[in-house]
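What's in query_24.txt: compact mmCIF, C-alpha atoms and all ligand atoms
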# COMPACT_ATOMS: atom_id res chain seq x y z
CA MET X 169 0.00 0.00 0.00
CA PRO X 170 1.55 3.39 -0.97
CA THR X 171 2.07 5.92 1.82
CA ALA X 172 1.91 9.68 1.51
CA ASP X 173 5.26 10.37 3.12
CA THR X 174 7.52 8.07 1.18
CA ASP X 175 5.77 7.55 -2.11
CA ALA X 176 4.19 10.93 -2.87
CA PRO X 177 7.12 12.48 -4.81
CA ALA X 178 7.55 9.48 -7.12
CA LEU X 179 3.81 8.96 -7.58
CA GLY X 180 3.31 12.70 -8.18
CA ASP X 181 6.00 12.55 -10.86
CA ASP X 182 4.29 9.51 -12.36
CA LEU X 183 0.99 11.42 -12.48
CA ARG X 184 2.76 14.30 -14.23
CA ALA X 185 4.15 11.84 -16.80
CA PHE X 186 0.65 10.39 -17.30
CA VAL X 187 -0.84 13.84 -17.92
CA ASP X 188 1.97 14.86 -20.27
CA ALA X 189 1.36 11.68 -22.30
CA SER X 190 -2.39 12.38 -22.50
CA PRO X 191 -3.19 15.62 -24.38
CA SER X 192 -6.56 14.19 -25.52
CA PRO X 193 -8.99 11.46 -24.36
CA SER X 194 -7.69 9.24 -27.19
CA HIS X 195 -4.15 9.68 -25.87
CA ALA X 196 -5.29 9.02 -22.28
CA VAL X 197 -6.86 5.74 -23.38
CA ALA X 198 -3.69 4.82 -25.28
CA GLU X 199 -1.57 5.59 -22.21
CA LEU X 200 -3.87 3.52 -19.98
CA ALA X 201 -3.70 0.67 -22.52
CA ARG X 202 0.09 0.92 -22.74
CA ARG X 203 0.50 0.69 -18.98
CA LEU X 204 -2.07 -2.12 -18.66
CA THR X 205 -0.35 -4.10 -21.41
CA ALA X 206 3.03 -3.62 -19.71
CA ALA X 207 1.46 -5.02 -16.52
CA GLY X 208 0.19 -8.15 -18.30
CA PHE X 209 -3.40 -7.15 -19.17
CA THR X 210 -4.54 -8.14 -22.67
CA GLU X 211 -7.02 -6.28 -24.86
CA LEU X 212 -10.38 -7.78 -25.78
CA ALA X 213 -12.44 -6.58 -28.74
CA GLU X 214 -16.14 -5.83 -28.28
CA THR X 215 -16.73 -7.50 -31.63
CA ASP X 216 -15.42 -10.82 -30.30
CA SER X 217 -17.20 -13.31 -28.09
CA TRP X 218 -15.38 -13.55 -24.76
CA ALA X 219 -15.86 -15.26 -21.44
CA PRO X 220 -12.74 -14.43 -19.41
CA ALA X 221 -11.55 -17.12 -16.99
CA PRO X 222 -11.01 -16.47 -13.26
CA GLY X 223 -7.74 -14.63 -12.78
CA GLY X 224 -7.89 -13.16 -16.29
CA ARG X 225 -6.73 -9.56 -16.68
CA HIS X 226 -8.08 -7.68 -19.65
CA PHE X 227 -9.18 -4.32 -20.99
CA VAL X 228 -11.71 -3.15 -23.57
CA VAL X 229 -11.61 0.15 -25.47
CA ARG X 230 -14.62 2.01 -26.86
CA HIS X 231 -13.32 5.19 -28.56
CA GLY X 232 -12.26 7.59 -25.77
CA SER X 233 -13.29 5.18 -23.00
CA LEU X 234 -11.64 2.12 -21.48
CA ILE X 235 -12.68 -0.60 -19.04
CA ALA X 236 -9.99 -2.77 -17.43
CA PHE X 237 -10.77 -5.68 -15.16
CA ARG X 238 -9.31 -8.57 -13.19
CA VAL X 239 -11.69 -11.53 -13.06
CA GLY X 240 -12.30 -12.88 -9.55
CA THR X 241 -12.43 -16.55 -8.58
CA GLY X 242 -16.09 -16.24 -7.53
CA SER X 243 -19.01 -15.61 -9.86
CA PRO X 244 -20.08 -11.93 -9.92
CA ALA X 245 -23.66 -12.98 -9.09
CA GLU X 246 -22.44 -14.58 -5.84
CA THR X 247 -19.72 -12.11 -4.81
CA GLY X 248 -20.57 -8.81 -6.53
CA MET X 249 -17.91 -6.65 -8.18
CA ARG X 250 -15.80 -3.72 -7.06
CA LEU X 251 -15.81 -0.93 -9.63
CA VAL X 252 -13.87 2.33 -9.84
CA GLY X 253 -15.03 4.99 -12.34
CA ALA X 254 -13.32 8.12 -13.68
CA HIS X 255 -13.42 10.19 -16.88
CA THR X 256 -10.84 10.74 -19.61
CA ASP X 257 -12.05 14.10 -20.97
CA SER X 258 -11.45 17.66 -19.75
CA PRO X 259 -12.77 21.06 -20.82
CA THR X 260 -11.03 22.13 -24.02
CA PHE X 261 -11.78 23.24 -27.56
CA LYS X 262 -12.71 20.79 -30.30
CA VAL X 263 -11.43 21.33 -33.84
CA ARG X 264 -14.24 21.90 -36.33
CA PRO X 265 -14.72 19.76 -39.47
CA HIS X 266 -13.74 22.74 -41.67
CA SER X 267 -11.00 24.23 -39.55
CA ASP X 268 -8.96 26.44 -41.88
CA VAL X 269 -9.80 30.06 -41.04
CA ARG X 270 -8.02 32.92 -42.79
CA GLN X 271 -8.48 36.50 -41.64
CA ALA X 272 -6.46 39.69 -41.02
CA GLY X 273 -3.42 38.15 -42.68
CA TYR X 274 -3.37 35.15 -40.36
CA ARG X 275 -4.23 31.48 -40.54
CA LEU X 276 -6.33 30.34 -37.58
CA VAL X 277 -7.85 27.03 -36.51
CA GLY X 278 -11.63 26.90 -36.22
CA VAL X 279 -12.65 25.38 -32.89
CA GLU X 280 -15.66 25.26 -30.60
CA PRO X 281 -15.66 25.06 -26.79
CA TYR X 282 -15.99 21.59 -25.26
CA GLY X 283 -17.40 21.54 -21.74
CA GLY X 284 -17.43 24.32 -19.18
CA GLY X 285 -13.87 25.63 -19.16
CA LEU X 286 -12.46 28.78 -17.59
CA TRP X 287 -11.71 29.99 -21.10
CA HIS X 288 -9.70 33.07 -20.15
CA THR X 289 -7.04 30.76 -18.70
CA TRP X 290 -6.33 29.50 -22.23
CA LEU X 291 -5.10 32.93 -23.36
CA ASP X 292 -1.38 33.40 -23.98
CA ARG X 293 -0.49 29.76 -23.44
CA GLU X 294 1.59 27.42 -25.59
CA LEU X 295 -1.00 25.24 -27.32
CA THR X 296 -1.14 22.42 -29.81
CA VAL X 297 -3.72 20.13 -31.44
CA ALA X 298 -3.96 16.46 -30.47
CA GLY X 299 -6.37 13.57 -30.90
CA ARG X 300 -7.13 10.92 -33.45
CA LEU X 301 -7.46 10.82 -37.20
CA VAL X 302 -9.77 8.31 -38.83
CA LEU X 303 -8.18 7.10 -42.05
CA ARG X 304 -9.70 5.66 -45.19
CA GLY X 305 -10.78 2.08 -44.45
CA GLY X 306 -11.63 2.88 -40.82
CA THR X 307 -8.22 2.67 -39.13
CA THR X 308 -7.31 5.36 -36.63
CA ALA X 309 -4.05 7.12 -35.84
CA LEU X 310 -3.10 9.13 -32.77
CA VAL X 311 -1.66 12.49 -33.69
CA ARG X 312 -0.22 15.58 -32.05
CA LEU X 313 1.26 18.60 -33.78
CA PRO X 314 4.85 18.84 -32.50
CA GLY X 315 5.98 21.86 -30.51
CA ALA X 316 3.57 24.60 -29.43
CA PRO X 317 2.32 25.98 -32.73
CA LEU X 318 -0.99 27.53 -31.59
CA ARG X 319 -1.88 30.48 -29.40
CA LEU X 320 -4.89 32.50 -28.22
CA PRO X 321 -3.31 35.96 -27.83
CA SER X 322 -4.88 38.46 -25.43
CA LEU X 323 -5.85 41.84 -26.78
CA ALA X 324 -3.38 44.47 -25.54
CA ILE X 325 -4.80 46.61 -22.75
CA HIS X 326 -4.09 49.73 -24.83
CA LEU X 327 -6.69 48.53 -27.35
CA ASP X 328 -9.46 47.85 -24.80
CA ARG X 329 -9.12 49.37 -21.33
CA SER X 330 -12.63 48.16 -20.41
CA VAL X 331 -11.02 44.81 -19.62
CA ARG X 332 -10.28 46.25 -16.15
CA GLU X 333 -14.03 46.03 -15.45
CA GLY X 334 -14.11 42.40 -16.54
CA LEU X 335 -13.09 40.32 -19.53
CA THR X 336 -15.83 39.20 -21.92
CA LEU X 337 -14.88 36.57 -24.48
CA ASP X 338 -17.19 35.62 -27.35
CA PRO X 339 -16.12 32.07 -28.21
CA GLN X 340 -17.08 32.37 -31.88
CA GLN X 341 -15.18 35.61 -32.36
CA HIS X 342 -12.39 35.69 -29.79
CA LEU X 343 -11.42 32.11 -28.99
CA VAL X 344 -9.95 31.11 -32.35
CA PRO X 345 -6.30 30.07 -32.02
CA VAL X 346 -3.81 31.62 -34.41
CA TRP X 347 -1.38 29.31 -36.17
CA ASP X 348 0.58 31.23 -38.79
CA ARG X 349 0.69 34.16 -41.14
CA ASP X 350 -1.48 33.67 -44.21
CA LEU X 351 0.81 33.78 -47.22
CA GLY X 352 -1.72 31.96 -49.38
CA SER X 353 -0.10 28.62 -50.13
CA GLU X 354 0.60 26.82 -46.84
CA PRO X 355 -0.92 23.39 -46.14
CA GLY X 356 -4.01 23.34 -43.94
CA LEU X 357 -4.32 21.71 -40.52
CA VAL X 358 -5.48 18.33 -41.83
CA GLU X 359 -2.61 18.30 -44.36
CA ALA X 360 -0.13 19.01 -41.55
CA LEU X 361 -1.61 16.33 -39.28
CA ALA X 362 -1.74 13.78 -42.12
CA ALA X 363 1.95 14.43 -42.81
CA GLU X 364 2.67 13.80 -39.10
CA VAL X 365 1.29 10.25 -39.36
CA GLY X 366 2.73 9.64 -42.82
CA VAL X 367 -0.42 9.66 -44.94
CA GLY X 368 -1.89 12.04 -47.48
CA ALA X 369 -4.60 14.52 -46.53
CA GLY X 370 -6.98 12.62 -48.82
CA ASP X 371 -6.59 9.56 -46.60
CA VAL X 372 -8.08 11.39 -43.60
CA VAL X 373 -11.84 10.89 -43.56
CA GLY X 374 -12.57 12.16 -40.05
CA HIS X 375 -11.00 13.52 -36.88
CA ASP X 376 -11.50 13.96 -33.13
CA LEU X 377 -9.04 16.73 -32.26
CA VAL X 378 -8.76 19.03 -29.27
CA LEU X 379 -6.56 21.90 -28.18
CA ALA X 380 -4.01 21.01 -25.52
CA ASP X 381 -1.65 22.95 -23.30
CA THR X 382 1.92 21.87 -24.12
CA GLN X 383 3.72 23.09 -21.01
CA PRO X 384 4.82 19.99 -19.11
CA ALA X 385 3.14 19.38 -15.77
CA ALA X 386 5.30 20.90 -13.03
CA ARG X 387 6.08 20.52 -9.35
CA ALA X 388 4.80 23.58 -7.46
CA GLY X 389 4.46 24.99 -3.95
CA ALA X 390 7.12 25.76 -1.35
CA ASP X 391 8.26 22.16 -0.99
CA GLY X 392 7.42 21.04 -4.52
CA THR X 393 4.62 18.70 -3.43
CA TRP X 394 1.93 20.45 -5.44
CA ILE X 395 1.29 19.59 -9.07
CA ALA X 396 0.50 22.31 -11.61
CA ALA X 397 -0.86 20.66 -14.73
CA PRO X 398 -3.56 20.65 -17.36
CA ARG X 399 -6.38 18.07 -17.27
CA LEU X 400 -5.96 16.94 -13.63
CA ASP X 401 -9.77 16.81 -13.72
CA ASN X 402 -9.99 13.99 -14.31
CA GLN X 403 -6.81 12.35 -15.54
CA ALA X 404 -5.57 12.34 -11.92
CA CYS X 405 -8.37 9.92 -10.98
CA CYS X 406 -7.81 7.80 -14.13
CA HIS X 407 -4.18 7.53 -12.97
CA SER X 408 -5.05 6.71 -9.33
CA GLY X 409 -7.68 4.20 -10.47
CA LEU X 410 -5.19 2.50 -12.77
CA LEU X 411 -2.50 2.22 -10.10
CA ALA X 412 -5.09 0.95 -7.62
CA LEU X 413 -6.26 -1.76 -10.03
CA LEU X 414 -2.65 -2.80 -10.63
CA ALA X 415 -1.93 -2.83 -6.87
CA ALA X 416 -5.11 -4.57 -5.66
CA PRO X 417 -4.61 -8.21 -4.72
CA ALA X 418 -6.64 -10.73 -6.74
CA GLY X 419 -9.54 -12.25 -4.85
CA ALA X 420 -13.00 -13.73 -5.20
CA ARG X 421 -14.54 -10.51 -6.54
CA THR X 422 -14.01 -9.18 -10.04
CA GLN X 423 -12.37 -5.74 -9.91
CA ALA X 424 -12.81 -3.18 -12.68
CA LEU X 425 -11.80 0.34 -13.66
CA VAL X 426 -14.02 2.28 -16.07
CA CYS X 427 -12.72 5.51 -17.59
CA ASN X 428 -15.50 7.20 -19.58
CA ASP X 429 -15.27 9.94 -22.18
CA HIS X 430 -17.72 12.86 -22.53
CA GLU X 431 -18.29 13.58 -18.80
CA GLU X 432 -17.69 17.28 -19.36
CA VAL X 433 -20.54 17.45 -21.87
CA GLY X 434 -23.10 15.38 -19.99
CA SER X 435 -21.94 11.79 -20.64
CA GLY X 436 -24.61 11.19 -23.29
CA SER X 437 -22.78 9.11 -25.89
CA MET X 438 -22.07 5.47 -26.72
CA SER X 439 -18.82 5.73 -24.74
CA GLY X 440 -20.07 8.10 -22.01
CA ALA X 441 -21.37 7.12 -18.58
CA ARG X 442 -24.98 7.37 -19.80
CA GLY X 443 -24.15 4.91 -22.58
CA SER X 444 -24.13 1.14 -22.30
CA PHE X 445 -20.37 0.48 -22.09
CA LEU X 446 -20.07 -0.49 -18.42
CA GLU X 447 -23.43 -2.28 -18.43
CA ASP X 448 -22.34 -4.31 -21.48
CA VAL X 449 -19.08 -5.39 -19.88
CA VAL X 450 -20.70 -6.18 -16.52
CA GLN X 451 -23.31 -8.24 -18.35
CA ARG X 452 -20.67 -10.26 -20.18
CA LEU X 453 -18.72 -10.88 -16.96
CA ALA X 454 -21.80 -11.81 -14.93
CA THR X 455 -23.22 -14.19 -17.52
CA ALA X 456 -19.77 -15.78 -18.01
CA GLY X 457 -19.70 -16.46 -14.26
CA ASP X 458 -23.25 -17.92 -14.20
CA PRO X 459 -24.07 -19.02 -17.76
CA GLY X 460 -27.46 -20.52 -16.91
CA ASP X 461 -28.81 -17.69 -14.73
CA PRO X 462 -30.82 -15.03 -16.60
CA GLN X 463 -30.74 -12.88 -13.44
CA ALA X 464 -26.94 -13.08 -13.03
CA VAL X 465 -26.31 -9.48 -14.02
CA HIS X 466 -28.96 -8.12 -11.65
CA ARG X 467 -27.66 -10.21 -8.76
CA ALA X 468 -24.11 -9.11 -9.54
CA LEU X 469 -25.02 -5.41 -9.60
CA ALA X 470 -26.99 -5.64 -6.36
CA ARG X 471 -23.88 -6.98 -4.63
CA SER X 472 -21.45 -4.51 -6.26
CA VAL X 473 -20.17 -1.04 -5.36
CA LEU X 474 -19.02 1.66 -7.77
CA VAL X 475 -16.53 4.23 -6.50
CA SER X 476 -16.96 7.22 -8.82
CA ALA X 477 -13.63 9.08 -8.59
CA ASP X 478 -13.60 12.65 -9.87
CA MET X 479 -11.70 15.67 -8.64
CA ALA X 480 -13.07 17.69 -5.69
CA HIS X 481 -12.84 21.35 -4.69
CA ALA X 482 -10.21 22.13 -2.06
CA VAL X 483 -10.94 25.31 -0.11
CA HIS X 484 -9.67 28.35 -2.03
CA PRO X 485 -7.03 30.39 -0.21
CA THR X 486 -8.59 33.81 -0.94
CA ARG X 487 -12.20 32.85 -1.72
CA SER X 488 -13.00 30.60 1.22
CA GLU X 489 -16.40 32.30 1.61
CA ARG X 490 -17.52 30.36 -1.48
CA HIS X 491 -17.18 27.11 0.48
CA GLU X 492 -19.50 25.58 3.09
CA PRO X 493 -17.79 26.42 6.41
CA ALA X 494 -17.96 22.91 7.91
CA HIS X 495 -16.84 21.16 4.71
CA ARG X 496 -13.57 22.60 3.44
CA PRO X 497 -11.19 20.00 2.03
CA GLN X 498 -7.48 20.83 2.10
CA LEU X 499 -4.88 20.03 -0.54
CA GLY X 500 -2.90 17.02 0.69
CA GLY X 501 -5.61 16.10 3.21
CA GLY X 502 -6.69 12.90 1.50
CA PRO X 503 -9.67 11.68 -0.54
CA VAL X 504 -12.85 13.76 -0.45
CA LEU X 505 -16.26 12.16 0.06
CA LYS X 506 -18.78 14.19 -1.99
CA VAL X 507 -22.28 14.54 -0.62
CA ASN X 508 -25.26 16.45 -2.04
CA ALA X 509 -28.84 16.49 -0.75
CA ASN X 510 -30.20 16.76 -4.30
CA GLN X 511 -28.25 13.74 -5.58
CA ALA X 512 -25.79 15.69 -7.72
CA TYR X 513 -23.50 13.15 -6.07
CA ALA X 514 -24.60 9.53 -5.70
CA THR X 515 -23.13 9.09 -2.21
CA ASP X 516 -25.67 7.88 0.35
CA ALA X 517 -25.27 6.85 3.98
CA ALA X 518 -24.50 3.24 3.11
CA SER X 519 -22.02 3.84 0.26
CA GLY X 520 -20.34 6.75 2.07
CA GLY X 521 -20.02 4.69 5.23
CA TRP X 522 -18.59 1.78 3.27
CA PHE X 523 -15.98 4.05 1.67
CA THR X 524 -15.05 5.58 5.03
CA GLU X 525 -14.55 2.12 6.51
CA ARG X 526 -12.30 1.06 3.63
CA CYS X 527 -10.21 4.21 4.14
CA GLU X 528 -9.96 3.53 7.86
CA GLU X 529 -8.68 0.03 7.11
CA ALA X 530 -6.08 1.51 4.76
CA GLY X 531 -5.03 4.25 7.20
CA VAL X 532 -6.20 6.93 4.76
CA PRO X 533 -7.84 10.13 6.11
CA VAL X 534 -11.18 11.17 4.56
CA GLN X 535 -12.41 14.73 3.96
CA THR X 536 -15.97 15.70 3.06
CA PHE X 537 -17.30 18.16 0.48
CA VAL X 538 -20.75 19.68 0.56
CA THR X 539 -21.57 22.73 -1.54
CA ARG X 540 -23.06 25.88 0.03
CA ALA X 541 -26.87 25.87 0.19
CA ASP X 542 -26.93 29.08 -1.89
CA LEU X 543 -24.74 27.69 -4.68
CA PRO X 544 -25.58 25.06 -7.31
CA CYS X 545 -23.59 21.84 -7.16
CA GLY X 546 -21.50 20.33 -9.96
CA SER X 547 -22.04 16.70 -10.84
CA THR X 548 -20.13 13.75 -12.22
CA ILE X 549 -20.46 10.21 -13.60
CA GLY X 550 -21.56 8.71 -10.25
CA PRO X 551 -25.28 9.61 -10.34
CA LEU X 552 -25.50 8.80 -14.07
CA THR X 553 -24.01 5.34 -13.65
CA ALA X 554 -26.06 4.68 -10.51
CA THR X 555 -29.21 5.74 -12.38
CA ARG X 556 -28.47 3.55 -15.38
CA LEU X 557 -27.23 0.43 -13.56
CA GLY X 558 -28.88 0.62 -10.15
CA VAL X 559 -25.49 -0.09 -8.60
CA PRO X 560 -24.68 1.27 -5.10
CA THR X 561 -22.35 4.21 -5.77
CA VAL X 562 -20.14 6.57 -3.79
CA ASP X 563 -18.75 9.82 -5.24
CA VAL X 564 -15.23 10.69 -4.13
CA GLY X 565 -12.27 12.64 -5.49
CA ALA X 566 -8.88 14.16 -4.81
CA PRO X 567 -8.89 17.81 -3.66
CA MET X 568 -7.75 20.42 -6.15
CA LEU X 569 -7.80 24.15 -6.92
CA ALA X 570 -8.67 25.91 -10.19
CA MET X 571 -10.90 23.13 -11.52
CA HIS X 572 -11.55 23.58 -15.26
CA SER X 573 -8.66 26.02 -15.65
CA CYS X 574 -6.21 25.34 -18.47
CA ARG X 575 -3.68 24.83 -15.62
CA GLU X 576 -5.06 23.19 -12.49
CA LEU X 577 -3.43 22.58 -9.09
CA ALA X 578 -3.41 19.46 -6.93
CA SER X 579 -1.10 17.88 -4.35
CA ALA X 580 1.21 14.92 -4.85
CA LEU X 581 0.45 14.00 -1.22
CA ASP X 582 -3.07 13.05 -2.29
CA VAL X 583 -1.90 10.66 -5.03
CA PRO X 584 -0.81 7.79 -2.71
CA LEU X 585 -3.81 8.50 -0.46
CA MET X 586 -6.24 8.18 -3.39
CA ILE X 587 -4.44 5.05 -4.63
CA GLY X 588 -4.55 3.62 -1.11
CA ALA X 589 -8.26 4.33 -0.75
CA LEU X 590 -9.19 2.95 -4.19
CA THR X 591 -6.98 -0.12 -3.70
CA ALA X 592 -8.76 -0.85 -0.41
CA CYS X 593 -12.14 -0.48 -2.17
CA LEU X 594 -11.15 -2.82 -5.01
CA ALA X 595 -9.66 -5.33 -2.55
CA ASP X 596 -12.73 -5.34 -0.28
ZN ZN X 601 -14.34 15.86 -13.54
Written form, structure tokens:
Amino acid sequence: MPTADTDAPALGDDLRAFVDASPSPSHAVAELARRLTAAGFTELAETDSWAPAPGGRHFVVRHGSLIAFRVGTGSPAETGMRLVGAHTDSPTFKVRPHSDVRQAGYRLVGVEPYGGGLWHTWLDRELTVAGRLVLRGGTTALVRLPGAPLRLPSLAIHLDRSVREGLTLDPQQHLVPVWDRDLGSEPGLVEALAAEVGVGAGDVVGHDLVLADTQPAARAGADGTWIAAPRLDNQACCHSGLLALLAAPAGARTQALVCNDHEEVGSGSMSGARGSFLEDVVQRLATAGDPGDPQAVHRALARSVLVSADMAHAVHPTRSERHEPAHRPQLGGGPVLKVNANQAYATDAASGGWFTERCEEAGVPVQTFVTRADLPCGSTIGPLTATRLGVPTVDVGAPMLAMHSCRELASALDVPLMIGALTACLAD
């Protein structure tokens, strides 16, 4: 079991490496798959028929989502499963189908906002484009423009002094990254990306591309234990969930990690938490364990627990009045149990108590987040998955500042604590 004192620096550095390798959900899934494969997990295709044997370690990919699992020695209908959920996507900008924009002597890249980002934090940063190209015949290729070729430049204060009263950004007009001067003959974005993967532009029939901050994740804070990085929400929980699955001892129960795409836009897609991905995999695992029982999947879900891991709000150093006074998580203080009276979080007394007990067993402290009564509450994949599957669910997360900024802040001290908590949940 990792400990905060001894393992935090190395695990924090490993999280930074994970984030740097994952500029898009497609890259995050590839990085998860790479690490799972290195640890002995093998990939299964949804198009194949599979009935994994006890002890089997596998993963399944559906576009920007991935489910990895270790099959227990007991049947899921008899033992239940232990599930950890997270999401691979983060607020960003998605490249439009026709992305070549030319105006004012510049070439720009046409994008539209994805999710609810703090868009002003994307100004004046070193940006690139990353994601996947779909090639003729249906194959896909991961791609990332090298270097930091894109930028969203601020308007100089001399040209608009009203910015002192507040910055207003029209996404259609103002949030269009500039790429180059327009001299009339340069290749377009798709041509440049096609050249990166060694194909012609005519071979690219589709793309899922997002803007990404290129500055490597950094150590921060007085003693270097904080992590300043893009996409910590929610790649940090994908990372903790992965390391927990790899660390958890095999047992009677099947253990699984689901990392869904599209959380930031409501999870309504074939690979999102409102889609059928997790249900499909659970169904295959439950019926493989009890081939003759038509109720195997329902029995399995009734005995299972899903730990929905998504980042949580640490108390802000200069805006603490925006937090509920009795519920103010601290950076480095350990996993945060998220509770909401209106079910924006799926935590209830039973699932929250179960999580707290697992943390106690692991020697991990637990903090609690409740939003102020006069503020709306964010949500996550927990309630969506609980609603779809009827599985007991607890919403938790690691504390962080600046959620949905282009550069977010978390603590390396929380990485081993989250891994310890999730490992204890999977090993239960
Ligand atoms: Zn999130």
*Work out how far apart atom CA of X:Ala396 and atom CA of X:Leu310 are and give it in Å to one decimal.*
25.2 Å
Closest contacts (stretch 380-476 of chain X/stretch 535-552 of chain X, max 6 Å, only C-alpha atoms) as JSON lines:
{"residue": "X:Ala441", "atom": "CA", "partner": "X:Ile549", "partner_atom": "CA", "distance": 5.9}
{"residue": "X:Arg442", "atom": "CA", "partner": "X:Leu552", "partner_atom": "CA", "distance": 5.9}
{"residue": "X:Ser476", "atom": "CA", "partner": "X:Gly550", "partner_atom": "CA", "distance": 5.0}
*ligand ZN 601 (chain X): which residues are within 6 Å, counting only C-alpha atoms and all ligand atoms, as a list in words?*
Asp401, Asn402, Asp478 and Met479 of chain X
Write out, as a PDB file, in the coordinates of the input, the residues just selected, with C-alpha atoms.
ATOM      1  CA  ASP X 401      -9.770  16.810 -13.720  1.00  0.00           C
ATOM      2  CA  ASN X 402      -9.990  13.990 -14.310  1.00  0.00           C
ATOM      3  CA  ASP X 478     -13.600  12.650  -9.870  1.00  0.00           C
ATOM      4  CA  MET X 479     -11.700  15.670  -8.640  1.00  0.00           C
TER       5      MET X 479
END
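With only C-alpha atoms as the atoms that count, the residue of X:Ala254, X:Leu337, X:Ala207, X:Ala362 with the shortest distance to X:Leu286 is X:Leu337.
Minimum atom-to-atom distance to X:Glu359, evaluated using only C-alpha atoms, belongs to X:Asp268 out of X:Ser579, X:Pro485, X:Asp268, X:Ile587.
With distances taken over all atoms listed in the file, X:Leu446 is the one residue among X:Ala420, X:Ala509, X:Val475, X:Leu446 lying closest to X:Glu214.
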Tell me which residues come within 10 Å of (-11.4, -19.1, -17.3), as a compact mmCIF listing (two decimals) with C-alpha atoms, keeping the file's coordinate frame, counting only C-alpha atoms in the file's coordinates.
# COMPACT_ATOMS: atom_id res chain seq x y z
CA ALA X 219 -15.86 -15.26 -21.44
CA PRO X 220 -12.74 -14.43 -19.41
CA ALA X 221 -11.55 -17.12 -16.99
CA PRO X 222 -11.01 -16.47 -13.26
CA GLY X 223 -7.74 -14.63 -12.78
CA GLY X 224 -7.89 -13.16 -16.29
CA VAL X 239 -11.69 -11.53 -13.06
CA GLY X 240 -12.30 -12.88 -9.55
CA THR X 241 -12.43 -16.55 -8.58
CA ALA X 456 -19.77 -15.78 -18.01
CA GLY X 457 -19.70 -16.46 -14.26
*For X:Arg471, which of X:Cys406, X:Ala494, X:Val559, X:Ala360 is the closest residue, counting all atoms listed in the file?*
X:Val559
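Nearest-residue note for X:Leu499: choosing from X:Phe209, X:Phe237, X:Trp394, X:Tyr282, the minimum distance belongs to X:Trp394, counting all atoms listed in the file.
Of note, atom CA of X:Arg270 and atom CA of X:Ala309 are spaced 27.0 Å apart.
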*Interatomic distance between atom CA of X:Ser233 and atom CA of X:His375?*
16.4 Å
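Checking X:Ala176, X:Ala397, X:Val229, X:Ala185 one by one against X:Asp429, counting all atoms listed in the file, you find the shortest gap at X:Val229.
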_Residues near stretch 564-568 of chain X, cut-off 6 Å, all atoms listed in the file, skip fewer than 4 positions along chain, as a PyMOL selection string_ = chain X and resi 477-482+499+503-506+577-578
_Quick one: residues within 12 Å of X:Val346, all atoms listed in the file, excluding same-chain residues fewer than 4 positions away - as JSON, numbers by chain?_
{"X": [267, 268, 269, 270, 271, 272, 273, 274, 275, 276, 277, 278, 279, 291, 292, 293, 294, 295, 296, 297, 316, 317, 318, 319, 320, 321, 322, 342, 350, 357, 379]}
Quick one: residues within 8 Å of stretch 197-201 of chain X, all atoms listed in the file counted, chain neighbours fewer than 4 positions away excluded, as a PDB file with C-alpha atoms, in the coordinates of the input?
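Generated output (selection_20.pdb):
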ATOM      1  CA  PHE X 186       0.650  10.390 -17.300  1.00  0.00           C
ATOM      2  CA  ALA X 189       1.360  11.680 -22.300  1.00  0.00           C
ATOM      3  CA  SER X 190      -2.390  12.380 -22.500  1.00  0.00           C
ATOM      4  CA  PRO X 193      -8.990  11.460 -24.360  1.00  0.00           C
ATOM      5  CA  THR X 205      -0.350  -4.100 -21.410  1.00  0.00           C
ATOM      6  CA  PHE X 227      -9.180  -4.320 -20.990  1.00  0.00           C
ATOM      7  CA  VAL X 229     -11.610   0.150 -25.470  1.00  0.00           C
ATOM      8  CA  GLY X 232     -12.260   7.590 -25.770  1.00  0.00           C
ATOM      9  CA  SER X 233     -13.290   5.180 -23.000  1.00  0.00           C
ATOM     10  CA  LEU X 234     -11.640   2.120 -21.480  1.00  0.00           C
ATOM     11  CA  THR X 256     -10.840  10.740 -19.610  1.00  0.00           C
ATOM     12  CA  LEU X 410      -5.190   2.500 -12.770  1.00  0.00           C
TER      13      LEU X 410
END
_Would you pick out the contacts of X:Pro398 at 8 Å or less, using only C-alpha atoms, so that residues sharing its chain but fewer than 6 positions from it are not included, and give the list as a VMD selection string?_
chain X and resid 187 381 385 573 to 576
_Within 9 Å of (2.9, 8.4, -5.2) in the file's own coordinates, which protein, DNA or RNA residues have an atom, counting all atoms listed in the file? List them as a VMD selection string._
chain X and resid 170 to 183 580 to 585 587
Step by step: locate stretch 272-276 of chain X in the block above, keep N, CA and C atoms, then write the file as an mmCIF file, in the first residue's frame.
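See part.cif below for the written result:
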data_model
loop_
_atom_site.group_PDB
_atom_site.id
_atom_site.type_symbol
_atom_site.label_atom_id
_atom_site.label_comp_id
_atom_site.auth_asym_id
_atom_site.auth_seq_id
_atom_site.Cartn_x
_atom_site.Cartn_y
_atom_site.Cartn_z
ATOM 1 N N ALA X 272 -7.407 38.663 -41.480
ATOM 2 C CA ALA X 272 -6.465 39.687 -41.021
ATOM 3 C C ALA X 272 -5.021 39.303 -41.291
ATOM 4 N N GLY X 273 -4.797 38.531 -42.350
ATOM 5 C CA GLY X 273 -3.425 38.153 -42.684
ATOM 6 C C GLY X 273 -2.899 36.963 -41.910
ATOM 7 N N TYR X 274 -3.784 36.316 -41.166
ATOM 8 C CA TYR X 274 -3.369 35.154 -40.360
ATOM 9 C C TYR X 274 -4.122 33.906 -40.807
ATOM 10 N N ARG X 275 -3.514 32.755 -40.483
ATOM 11 C CA ARG X 275 -4.234 31.484 -40.538
ATOM 12 C C ARG X 275 -4.584 31.091 -39.106
ATOM 13 N N LEU X 276 -5.848 30.733 -38.900
ATOM 14 C CA LEU X 276 -6.327 30.344 -37.581
ATOM 15 C C LEU X 276 -6.961 28.962 -37.686
#
